[in-house]
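Student: One file is attached below, query-v4.pdb, containing PDB, C-alpha atoms and all ligand atoms.
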ATOM      1  CA  MET A   1      66.536 140.377 116.018
ATOM      2  CA  TYR A   2      70.017 139.250 116.993
ATOM      3  CA  PRO A   3      69.105 135.701 118.181
ATOM      4  CA  PHE A   4      67.020 135.205 115.057
ATOM      5  CA  MET A   5      70.045 136.106 112.851
ATOM      6  CA  CYS A   6      72.181 133.698 114.854
ATOM      7  CA  ILE A   7      69.749 130.824 114.366
ATOM      8  CA  LEU A   8      69.548 131.594 110.660
ATOM      9  CA  VAL A   9      73.325 131.517 110.307
ATOM     10  CA  ILE A  10      73.575 128.273 112.256
ATOM     11  CA  LEU A  11      70.799 126.696 110.180
ATOM     12  CA  THR A  12      72.501 127.760 106.962
ATOM     13  CA  CYS A  13      75.748 126.264 108.179
ATOM     14  CA  ILE A  14      74.063 122.981 109.092
ATOM     15  CA  LEU A  15      72.351 122.814 105.724
ATOM     16  CA  PHE A  16      75.672 123.452 103.995
ATOM     17  CA  VAL A  17      77.406 120.686 105.922
ATOM     18  CA  ILE A  18      74.518 118.273 105.256
ATOM     19  CA  ASN A  19      74.736 118.987 101.543
ATOM     20  CA  LEU A  20      78.474 118.507 101.603
ATOM     21  CA  LEU A  21      78.106 115.165 103.356
ATOM     22  CA  LYS A  22      75.369 114.124 100.954
ATOM     23  CA  ASP A  23      77.631 114.863  97.994
ATOM     24  CA  LYS A  24      80.417 112.883  99.592
ATOM     25  CA  VAL A  25      78.119 109.906 100.201
ATOM     26  CA  GLU A  26      76.854 110.074  96.601
ATOM     27  CA  GLU A  27      80.421 110.239  95.346
ATOM     28  CA  LYS A  28      81.405 107.218  97.442
ATOM     29  CA  LYS A  29      78.339 105.331  96.235
ATOM     30  CA  GLU A  30      79.238 106.025  92.621
ATOM     31  CA  GLU A  31      82.825 105.005  93.214
ATOM     32  CA  LYS A  32      81.675 101.768  94.833
ATOM     33  CA  LEU A  33      79.311 101.055  91.951
ATOM     34  CA  GLU A  34      82.031 101.667  89.396
ATOM     35  CA  GLU A  35      84.376  99.396  91.311
ATOM     36  CA  LYS A  36      81.721  96.711  91.502
ATOM     37  CA  GLU A  37      80.917  96.986  87.822
ATOM     38  CA  GLU A  38      84.567  96.710  86.949
ATOM     39  CA  GLU A  39      84.958  93.728  89.219
ATOM     40  CA  GLU A  40      81.853  91.999  87.887
ATOM     41  CA  GLU A  41      82.635  92.706  84.264
ATOM     42  CA  TYR A  42      83.685  89.131  83.591
ATOM     43  CA  ILE A  43      81.399  87.480  86.073
ATOM     44  CA  ILE A  44      78.112  85.803  85.823
ATOM     45  CA  ASP A  45      75.994  86.451  82.855
ATOM     46  CA  TYR A  46      75.871  82.683  82.908
ATOM     47  CA  LYS A  47      74.437  82.114  86.402
ATOM     48  CA  ALA A  48      72.860  78.755  87.066
ATOM     49  CA  ASP A  49      72.959  77.548  83.485
ATOM     50  CA  GLU A  50      74.785  74.500  84.722
ATOM     51  CA  THR A  51      75.413  73.305  88.207
ATOM     52  CA  ILE A  52      78.034  70.868  89.359
ATOM     53  CA  ARG A  53      78.396  69.231  92.747
ATOM     54  CA  VAL A  54      81.786  69.744  94.347
ATOM     55  CA  ARG A  55      82.911  67.632  97.300
ATOM     56  CA  LEU A  56      84.952  69.699  99.775
ATOM     57  CA  CYS A  57      87.271  67.055 101.201
ATOM     58  CA  ASP A  58      88.021  68.911 104.468
ATOM     59  CA  THR A  59      84.431  68.781 105.663
ATOM     60  CA  GLY A  60      83.018  66.101 103.382
ATOM     61  CA  GLU A  61      80.314  68.585 102.387
ATOM     62  CA  VAL A  62      79.021  68.525  98.784
ATOM     63  CA  VAL A  63      78.304  72.002  97.407
ATOM     64  CA  ALA A  64      76.373  72.685  94.186
ATOM     65  CA  MET A  65      77.598  75.618  92.121
ATOM     66  CA  ASP A  66      77.685  76.993  88.616
ATOM     67  CA  ILE A  67      80.404  75.372  86.492
ATOM     68  CA  ASN A  68      82.005  78.780  85.816
ATOM     69  CA  ASP A  69      82.005  79.710  89.501
ATOM     70  CA  TYR A  70      83.713  76.384  90.067
ATOM     71  CA  LEU A  71      86.294  76.966  87.329
ATOM     72  CA  ARG A  72      87.272  80.417  88.596
ATOM     73  CA  GLY A  73      88.049  78.686  91.890
ATOM     74  CA  VAL A  74      90.124  76.008  90.145
ATOM     75  CA  LEU A  75      92.170  78.250  87.881
ATOM     76  CA  PRO A  76      94.091  80.237  90.539
ATOM     77  CA  ALA A  77      94.494  77.078  92.625
ATOM     78  CA  GLU A  78      96.257  75.378  89.712
ATOM     79  CA  MET A  79      98.161  78.201  87.942
ATOM     80  CA  PRO A  80      99.907  81.359  89.222
ATOM     81  CA  PRO A  81      97.472  84.255  88.661
ATOM     82  CA  TYR A  82     100.175  86.540  87.281
ATOM     83  CA  TYR A  83     100.700  84.344  84.200
ATOM     84  CA  ASP A  84      99.800  85.819  80.811
ATOM     85  CA  ILE A  85      96.055  85.992  80.104
ATOM     86  CA  GLU A  86      96.373  83.595  77.121
ATOM     87  CA  ALA A  87      98.066  81.030  79.394
ATOM     88  CA  LEU A  88      95.265  81.490  81.950
ATOM     89  CA  LYS A  89      92.683  81.015  79.188
ATOM     90  CA  ALA A  90      94.426  77.824  78.016
ATOM     91  CA  GLN A  91      94.417  76.540  81.603
ATOM     92  CA  ALA A  92      90.699  77.418  81.929
ATOM     93  CA  ILE A  93      89.883  75.351  78.821
ATOM     94  CA  VAL A  94      92.042  72.504  80.142
ATOM     95  CA  ALA A  95      90.313  72.645  83.552
ATOM     96  CA  ARG A  96      86.837  72.677  81.938
ATOM     97  CA  THR A  97      87.726  69.699  79.733
ATOM     98  CA  TYR A  98      89.181  67.832  82.695
ATOM     99  CA  THR A  99      86.033  68.558  84.741
ATOM    100  CA  TYR A 100      83.611  67.284  82.080
ATOM    101  CA  LYS A 101      85.775  64.208  81.564
ATOM    102  CA  ARG A 102      85.602  63.438  85.312
ATOM    103  CA  ILE A 103      81.823  63.885  85.243
ATOM    104  CA  GLU A 104      81.544  61.656  82.169
ATOM    105  CA  ALA A 105      83.572  58.948  83.953
ATOM    106  CA  HIS A 106      81.546  59.259  87.225
ATOM    107  CA  ALA A 107      84.937  59.558  88.881
ATOM    108  CA  GLU A 108      83.490  60.954  92.111
ATOM    109  CA  GLY A 109      80.712  58.386  92.621
ATOM    110  CA  GLU A 110      77.000  59.208  92.633
ATOM    111  CA  ASP A 111      76.626  61.977  95.224
ATOM    112  CA  ALA A 112      79.185  64.405  93.743
ATOM    113  CA  ASP A 113      80.747  65.283  90.371
ATOM    114  CA  ILE A 114      84.251  66.275  91.430
ATOM    115  CA  CYS A 115      86.311  66.983  94.570
ATOM    116  CA  ASP A 116      88.774  69.665  95.669
ATOM    117  CA  ASN A 117      91.679  67.287  96.320
ATOM    118  CA  TYR A 118      94.340  68.079  93.704
ATOM    119  CA  ALA A 119      95.745  64.552  93.899
ATOM    120  CA  HIS A 120      92.344  63.008  93.089
ATOM    121  CA  CYS A 121      90.577  65.637  90.929
ATOM    122  CA  GLN A 122      91.508  69.343  90.835
ATOM    123  CA  ALA A 123      92.416  71.880  93.508
ATOM    124  CA  PHE A 124      89.620  74.371  94.225
ATOM    125  CA  TYR A 125      89.249  77.381  96.561
ATOM    126  CA  ASN A 126      86.346  79.791  96.924
ATOM    127  CA  LYS A 127      86.909  83.489  96.229
ATOM    128  CA  GLU A 128      87.418  84.387  99.883
ATOM    129  CA  GLN A 129      90.076  81.680 100.313
ATOM    130  CA  ILE A 130      91.874  82.717  97.117
ATOM    131  CA  LEU A 131      92.033  86.375  98.143
ATOM    132  CA  LYS A 132      93.401  85.352 101.552
ATOM    133  CA  ILE A 133      96.062  83.140  99.950
ATOM    134  CA  TRP A 134      97.099  86.018  97.674
ATOM    135  CA  GLU A 135      97.253  88.376 100.641
ATOM    136  CA  ARG A 136      99.513  85.932 102.495
ATOM    137  CA  LYS A 137     101.726  85.747  99.395
ATOM    138  CA  GLY A 138     102.169  89.499  99.671
ATOM    139  CA  TYR A 139     100.157  90.608  96.613
ATOM    140  CA  ASP A 140      98.833  94.116  97.320
ATOM    141  CA  GLU A 141      95.204  95.118  96.885
ATOM    142  CA  GLU A 142      95.684  96.440  93.350
ATOM    143  CA  GLN A 143      97.363  93.193  92.290
ATOM    144  CA  ARG A 144      94.670  91.065  93.911
ATOM    145  CA  LYS A 145      91.999  93.002  92.048
ATOM    146  CA  GLU A 146      93.860  92.660  88.771
ATOM    147  CA  TYR A 147      94.480  88.924  89.240
ATOM    148  CA  TRP A 148      90.855  88.209  90.180
ATOM    149  CA  LYS A 149      89.718  90.118  87.124
ATOM    150  CA  ASN A 150      92.047  88.090  84.888
ATOM    151  CA  VAL A 151      90.904  84.805  86.407
ATOM    152  CA  ASN A 152      87.299  85.725  85.625
ATOM    153  CA  LYS A 153      88.212  86.968  82.181
ATOM    154  CA  ALA A 154      89.996  83.670  81.412
ATOM    155  CA  VAL A 155      86.986  81.603  82.485
ATOM    156  CA  VAL A 156      84.219  83.729  80.974
ATOM    157  CA  SER A 157      85.913  84.519  77.663
ATOM    158  CA  THR A 158      86.406  80.774  77.077
ATOM    159  CA  LYS A 159      82.877  79.884  78.214
ATOM    160  CA  ASP A 160      81.821  76.363  77.084
ATOM    161  CA  GLN A 161      85.112  75.753  75.256
ATOM    162  CA  VAL A 162      86.568  72.250  75.579
ATOM    163  CA  ILE A 163      89.251  70.137  73.917
ATOM    164  CA  LEU A 164      88.195  67.218  71.731
ATOM    165  CA  TYR A 165      90.118  64.496  69.941
ATOM    166  CA  ASP A 166      88.117  62.400  67.517
ATOM    167  CA  ASN A 167      84.966  64.076  68.912
ATOM    168  CA  GLN A 168      85.733  62.856  72.442
ATOM    169  CA  LEU A 169      86.787  64.934  75.435
ATOM    170  CA  ILE A 170      90.508  64.447  75.946
ATOM    171  CA  LYS A 171      92.268  63.451  79.163
ATOM    172  CA  ALA A 172      93.616  66.939  79.719
ATOM    173  CA  PHE A 173      96.733  66.235  81.781
ATOM    174  CA  PHE A 174      98.976  69.169  82.591
ATOM    175  CA  HIS A 175     102.028  69.853  84.735
ATOM    176  CA  ALA A 176     104.185  72.758  85.877
ATOM    177  CA  SER A 177     107.402  72.502  83.891
ATOM    178  CA  SER A 178     109.331  70.241  81.504
ATOM    179  CA  PRO A 179     112.178  72.198  79.923
ATOM    180  CA  GLU A 180     112.866  71.152  76.301
ATOM    181  CA  ARG A 181     110.320  68.309  75.879
ATOM    182  CA  THR A 182     107.050  67.089  77.340
ATOM    183  CA  GLU A 183     106.496  63.361  77.891
ATOM    184  CA  SER A 184     104.319  60.761  76.140
ATOM    185  CA  VAL A 185     101.653  59.411  78.466
ATOM    186  CA  SER A 186     102.458  55.734  77.746
ATOM    187  CA  GLN A 187     106.099  56.279  78.734
ATOM    188  CA  ILE A 188     105.123  57.392  82.224
ATOM    189  CA  TRP A 189     102.095  55.381  83.239
ATOM    190  CA  GLY A 190     102.130  52.624  80.602
ATOM    191  CA  GLY A 191      98.720  51.514  79.399
ATOM    192  CA  GLU A 192      97.091  52.881  76.270
ATOM    193  CA  ASN A 193      98.988  55.256  74.059
ATOM    194  CA  LEU A 194      96.866  58.367  73.549
ATOM    195  CA  PRO A 195      97.751  59.981  70.206
ATOM    196  CA  TYR A 196      97.172  63.493  71.590
ATOM    197  CA  LEU A 197      99.426  62.955  74.619
ATOM    198  CA  VAL A 198     102.765  62.463  72.917
ATOM    199  CA  SER A 199     106.075  64.142  73.596
ATOM    200  CA  VAL A 200     106.436  67.584  71.973
ATOM    201  CA  GLU A 201     109.104  70.263  71.984
ATOM    202  CA  ASN A 202     108.724  72.742  74.810
ATOM    203  CA  GLN A 203     110.208  76.164  75.505
ATOM    204  CA  GLU A 204     110.171  77.678  78.977
ATOM    205  CA  ALA A 205     111.476  80.778  80.720
ATOM    206  CA  GLU A 206     114.803  79.932  82.319
ATOM    207  CA  ASP A 207     114.149  81.939  85.464
ATOM    208  CA  TYR A 208     111.363  79.614  86.634
ATOM    209  CA  ALA A 209     112.213  78.963  90.314
ATOM    210  CA  ASN A 210     111.699  75.185  90.250
ATOM    211  CA  ARG A 211     113.428  74.551  86.915
ATOM    212  CA  THR A 212     116.169  72.651  88.724
ATOM    213  CA  SER A 213     116.163  71.110  92.188
ATOM    214  CA  THR A 214     118.171  68.695  94.285
ATOM    215  CA  VAL A 215     117.142  65.945  96.687
ATOM    216  CA  GLU A 216     119.650  64.114  98.854
ATOM    217  CA  VAL A 217     118.674  60.793 100.468
ATOM    218  CA  SER A 218     120.873  58.827 102.857
ATOM    219  CA  PHE A 219     121.489  55.149 102.002
ATOM    220  CA  THR A 220     119.644  54.200 105.193
ATOM    221  CA  ASP A 221     116.512  56.190 104.285
ATOM    222  CA  PHE A 222     116.689  55.021 100.694
ATOM    223  CA  VAL A 223     116.707  51.328 101.582
ATOM    224  CA  THR A 224     114.096  51.734 104.335
ATOM    225  CA  LYS A 225     111.635  53.501 102.040
ATOM    226  CA  LEU A 226     112.136  51.067  99.147
ATOM    227  CA  LYS A 227     111.419  48.153 101.482
ATOM    228  CA  GLU A 228     108.390  49.875 102.991
ATOM    229  CA  ASN A 229     107.032  50.506  99.526
ATOM    230  CA  ASP A 230     107.372  46.890  98.386
ATOM    231  CA  SER A 231     107.912  43.995 100.791
ATOM    232  CA  SER A 232     109.429  41.824  98.038
ATOM    233  CA  ARG A 233     112.542  44.042  98.288
ATOM    234  CA  SER A 234     113.390  42.663 101.733
ATOM    235  CA  ALA A 235     116.853  41.466 100.654
ATOM    236  CA  LEU A 236     118.006  45.043  99.922
ATOM    237  CA  VAL A 237     120.978  46.219 101.999
ATOM    238  CA  GLU A 238     122.646  49.614 102.289
ATOM    239  CA  SER A 239     125.757  48.508 100.425
ATOM    240  CA  ASP A 240     123.548  47.917  97.354
ATOM    241  CA  CYS A 241     123.188  51.705  97.156
ATOM    242  CA  LYS A 242     126.811  52.072  96.152
ATOM    243  CA  ASP A 243     125.986  50.938  92.631
ATOM    244  CA  VAL A 244     122.595  52.576  92.139
ATOM    245  CA  HIS A 245     122.326  53.474  88.480
ATOM    246  CA  ILE A 246     119.895  54.511  85.764
ATOM    247  CA  CYS A 247     119.075  51.572  83.479
ATOM    248  CA  ASP A 248     116.891  53.121  80.788
ATOM    249  CA  TYR A 249     115.278  56.322  79.544
ATOM    250  CA  THR A 250     111.913  57.270  78.053
ATOM    251  CA  THR A 251     111.738  58.493  74.458
ATOM    252  CA  SER A 252     111.794  62.103  75.687
ATOM    253  CA  GLY A 253     114.961  61.492  77.701
ATOM    254  CA  ARG A 254     113.534  61.092  81.196
ATOM    255  CA  VAL A 255     114.603  58.295  83.472
ATOM    256  CA  LYS A 256     112.378  55.231  83.091
ATOM    257  CA  ASN A 257     113.920  52.819  85.594
ATOM    258  CA  ILE A 258     116.808  52.672  88.008
ATOM    259  CA  GLU A 259     118.515  49.602  89.409
ATOM    260  CA  VAL A 260     119.516  48.986  93.036
ATOM    261  CA  GLY A 261     121.071  45.624  93.804
ATOM    262  CA  SER A 262     118.969  43.123  91.872
ATOM    263  CA  TYR A 263     115.878  45.355  91.896
ATOM    264  CA  LYS A 264     114.520  47.500  89.105
ATOM    265  CA  ILE A 265     112.439  50.485  90.264
ATOM    266  CA  SER A 266     110.402  52.761  88.049
ATOM    267  CA  ALA A 267     111.426  56.411  88.127
ATOM    268  CA  GLU A 268     107.777  57.462  88.444
ATOM    269  CA  LYS A 269     107.502  55.442  91.693
ATOM    270  CA  LEU A 270     110.777  56.949  92.853
ATOM    271  CA  ARG A 271     109.446  60.423  92.096
ATOM    272  CA  THR A 272     106.503  60.063  94.471
ATOM    273  CA  MET A 273     108.464  58.118  97.107
ATOM    274  CA  PHE A 274     111.190  60.731  97.470
ATOM    275  CA  SER A 275     109.238  63.842  96.391
ATOM    276  CA  LEU A 276     111.420  64.412  93.335
ATOM    277  CA  ARG A 277     109.929  67.196  91.223
ATOM    278  CA  SER A 278     110.222  65.117  88.040
ATOM    279  CA  THR A 279     111.701  61.947  86.553
ATOM    280  CA  ASN A 280     114.168  64.008  84.537
ATOM    281  CA  PHE A 281     117.162  63.540  86.816
ATOM    282  CA  THR A 282     120.778  62.454  87.119
ATOM    283  CA  ILE A 283     122.217  60.524  90.051
ATOM    284  CA  GLU A 284     125.270  61.516  92.030
ATOM    285  CA  LEU A 285     126.642  59.024  94.563
ATOM    286  CA  LYS A 286     128.240  60.315  97.733
ATOM    287  CA  GLU A 287     129.824  58.248 100.456
ATOM    288  CA  ASN A 288     126.601  57.583 102.350
ATOM    289  CA  SER A 289     123.917  59.199 100.269
ATOM    290  CA  ILE A 290     122.341  59.504  96.824
ATOM    291  CA  VAL A 291     121.815  62.930  95.303
ATOM    292  CA  PHE A 292     119.131  63.422  92.636
ATOM    293  CA  HIS A 293     119.691  66.445  90.402
ATOM    294  CA  VAL A 294     116.246  67.129  88.960
ATOM    295  CA  ILE A 295     115.120  69.200  85.957
ATOM    296  CA  GLY A 296     111.507  70.408  85.600
ATOM    297  CA  ASN A 297     108.462  70.015  87.815
ATOM    298  CA  GLY A 298     105.686  67.451  87.417
ATOM    299  CA  HIS A 299     105.004  64.309  85.381
ATOM    300  CA  GLY A 300     105.668  66.097  82.085
ATOM    301  CA  VAL A 301     102.513  64.939  80.270
ATOM    302  CA  GLY A 302     100.301  67.380  78.336
ATOM    303  CA  LEU A 303     100.364  71.143  78.783
ATOM    304  CA  SER A 304     103.358  72.668  80.543
ATOM    305  CA  GLN A 305     102.195  75.715  82.511
ATOM    306  CA  VAL A 306     105.563  77.463  82.488
ATOM    307  CA  GLY A 307     105.744  76.732  78.754
ATOM    308  CA  ALA A 308     102.198  77.997  78.178
ATOM    309  CA  ASP A 309     103.165  81.274  79.844
ATOM    310  CA  PHE A 310     106.306  81.464  77.716
ATOM    311  CA  TYR A 311     104.403  80.901  74.454
ATOM    312  CA  ALA A 312     101.641  83.325  75.519
ATOM    313  CA  LYS A 313     104.230  86.019  76.198
ATOM    314  CA  SER A 314     105.701  85.330  72.743
ATOM    315  CA  GLY A 315     102.292  86.214  71.269
ATOM    316  CA  MET A 316     100.610  82.811  70.920
ATOM    317  CA  LYS A 317      96.841  82.594  71.517
ATOM    318  CA  CYS A 318      95.294  80.099  73.936
ATOM    319  CA  GLU A 319      93.918  77.829  71.224
ATOM    320  CA  ASP A 320      97.327  77.509  69.558
ATOM    321  CA  ILE A 321      98.986  76.859  72.907
ATOM    322  CA  ILE A 322      96.542  73.996  73.492
ATOM    323  CA  LYS A 323      97.089  72.597  70.009
ATOM    324  CA  HIS A 324     100.837  72.723  70.585
ATOM    325  CA  TYR A 325     100.685  70.536  73.691
ATOM    326  CA  TYR A 326      97.842  68.202  72.674
ATOM    327  CA  THR A 327      98.599  66.805  69.234
ATOM    328  CA  GLY A 328      95.763  66.751  66.685
ATOM    329  CA  VAL A 329      93.014  68.132  68.939
ATOM    330  CA  ASP A 330      90.220  70.638  68.293
ATOM    331  CA  VAL A 331      89.057  73.385  70.636
ATOM    332  CA  VAL A 332      85.266  73.581  70.277
ATOM    333  CA  THR A 333      82.444  75.502  71.938
ATOM    334  CA  LEU A 334      79.800  73.205  73.361
ATOM    335  CA  PRO A 335      76.260  73.999  72.235
TER     336      PRO A 335
HETATM  337 ZN    ZN B   1      87.951  63.639  93.392
END
So, in terms of structure tokens, how does the structure I just supplied come out?

Tutor:
Amino acid sequence: MYPFMCILVILTCILFVINLLKDKVEEKKEEKLEEKEEEEEYIIDYKADETIRVRLCDTGEVVAMDINDYLRGVLPAEMPPYYDIEALKAQAIVARTYTYKRIEAHAEGEDADICDNYAHCQAFYNKEQILKIWERKGYDEEQRKEYWKNVNKAVVSTKDQVILYDNQLIKAFFHASSPERTESVSQIWGGENLPYLVSVENQEAEDYANRTSTVEVSFTDFVTKLKENDSSRSALVESDCKDVHICDYTTSGRVKNIEVGSYKISAEKLRTMFSLRSTNFTIELKENSIVFHVIGNGHGVGLSQVGADFYAKSGMKCEDIIKHYYTGVDVVTLP
């Protein structure tokens, strides 16, 4: 009798433990499902309705993907993910417009629609890369989840929305920061004057890290680089640097050209040559060097991201933010 009782007790215990484990597994499963549902809330009810071909410049590989999958990889590569949701939505509409405009212009040739080089098309990372970048930046798991959700929300809630001027897709230029005023496109790159890319008033948070910056260049480096950039400047000598000065300004108050010796150099060229954050600068001359005191970050044309975040936090909706930066445009949903 006794061994039988023992076996019964042991069996009961085992059954109890199995049930307990089963419950735990069920609970975990449910938790996982909930998490997944929450995560997928703003993802993919649009799968495969339109595919674009993205050239990954590192490997040269061309990958086909859904336009919205592509855009949710562009958005966090181009704008900080902790910006206000209305700023993220504005950037999503800008990125979509920019993408379609590139496709329309066959900017990437015949075998691809767009590439992931920010200097040629738009920056792009896949989800795995983005989450790794955020981890390296020190965003904890909760933050990463929240940011990814907002990125998806920004893309999906603006699905098919683009910016038109006169029924044409606009050239949706954007930049990081231009305190006080944005720039007119013709003032920076010359060429055609686009009526929607004109200088407008701009408000930005003053605590933006790159609002002001300084670059110091020795006379030697300055002359060397200017000569390298254009061989017709071969007569330049270091002593010419002692009277470097700004000769004229754009209508928004940025530097248009500077003069060194008998040479005029465009500020936009100078910006790329010496990695100045913008052409909104003053010049300070030291004994053997030139110091550029720079305000803002980027070319200044179109939407300012820091400004978009500022206006969003003041209660403006994405469509109004877009209409503020691009004069006379419409935000429309493509059929
Ligand atoms: Zn490209």

Student: Closest to ligand ZN 1 (chain B) among A:Arg53, A:Gln91, A:Cys115, A:Glu104, using all atoms listed in the file?

Tutor: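 When distances to ligand ZN 1 (chain B) are compared using all atoms listed in the file, the smallest one comes from A:Cys115.
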
Student: Which residues match the PyMOL selection byres (((chain A and resi 184-186) around 8) and not hetatm) in the file above, as a list in words?

Tutor: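 Output from the PyMOL selection byres (((chain A and resi 184-186) around 8) and not hetatm), applied to this file: Thr182, Glu183, Gln187, Ile188, Trp189, Gly190, Gly191, Glu192, Asn193, Leu194, Leu197, Val198, Ser199, Thr251, Ser252 and Val301 of chain A.
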
Student: Could you give me, as a VMD selection string, every polymer residue with an atom at most 12 Å away from an atom of ligand ZN 1 (chain B), counting all atoms listed in the file?

Tutor: chain A and resid 53 to 57 60 62 98 to 99 102 to 103 105 to 124

Student: With all atoms listed in the file as the basis for distance, which of A:Glu61, A:Glu78, A:Asp320, A:Asp330 is at the shortest distance from A:Leu164?

Tutor: A:Asp330

Student: How many Å separate atom CA of A:Asn297 from atom CA of A:Arg211?

Tutor: 6.8 Å

Student: Using Å and a single decimal, report how far atom CA of A:Ile258 sits from atom CA of A:Ile246.

Tutor: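 The value is 4.2 Å.
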
Student: Please write the residues picked by the PyMOL selection byres (((chain A and resi 287-289) around 10) and not hetatm) on this file as a list in words.

Tutor: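 The output of the PyMOL selection byres (((chain A and resi 287-289) around 10) and not hetatm) on this file is Glu216, Val217, Ser218, Phe219, Thr220, Asp221, Phe222, Glu238, Ser239, Cys241, Lys242, Glu284, Leu285, Lys286, Ile290, Val291 and Phe292 of chain A.
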
Student: Quick check, in Å to one decimal: how far apart do atom CA of A:Val244 and atom CA of A:Ile283 lie?

Tutor: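 A separation of 8.2 Å between them.
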
Student: Check which residues satisfy the PyMOL selection byres (((chain A and resi 209) around 12) and not hetatm) in the file shown, then give them as number ranges by chain.

Tutor: A: 176-177, 204-208, 210-213, 295-297, 306

Student: Output the selection as a PDB file, in the frame of the given file - C-alpha atoms for each residue.

Tutor:
ATOM      1  CA  ALA A 176     104.185  72.758  85.877  1.00  0.00           C
ATOM      2  CA  SER A 177     107.402  72.502  83.891  1.00  0.00           C
ATOM      3  CA  GLU A 204     110.171  77.678  78.977  1.00  0.00           C
ATOM      4  CA  ALA A 205     111.476  80.778  80.720  1.00  0.00           C
ATOM      5  CA  GLU A 206     114.803  79.932  82.319  1.00  0.00           C
ATOM      6  CA  ASP A 207     114.149  81.939  85.464  1.00  0.00           C
ATOM      7  CA  TYR A 208     111.363  79.614  86.634  1.00  0.00           C
ATOM      8  CA  ASN A 210     111.699  75.185  90.250  1.00  0.00           C
ATOM      9  CA  ARG A 211     113.428  74.551  86.915  1.00  0.00           C
ATOM     10  CA  THR A 212     116.169  72.651  88.724  1.00  0.00           C
ATOM     11  CA  SER A 213     116.163  71.110  92.188  1.00  0.00           C
ATOM     12  CA  ILE A 295     115.120  69.200  85.957  1.00  0.00           C
ATOM     13  CA  GLY A 296     111.507  70.408  85.600  1.00  0.00           C
ATOM     14  CA  ASN A 297     108.462  70.015  87.815  1.00  0.00           C
ATOM     15  CA  VAL A 306     105.563  77.463  82.488  1.00  0.00           C
TER      16      VAL A 306
END
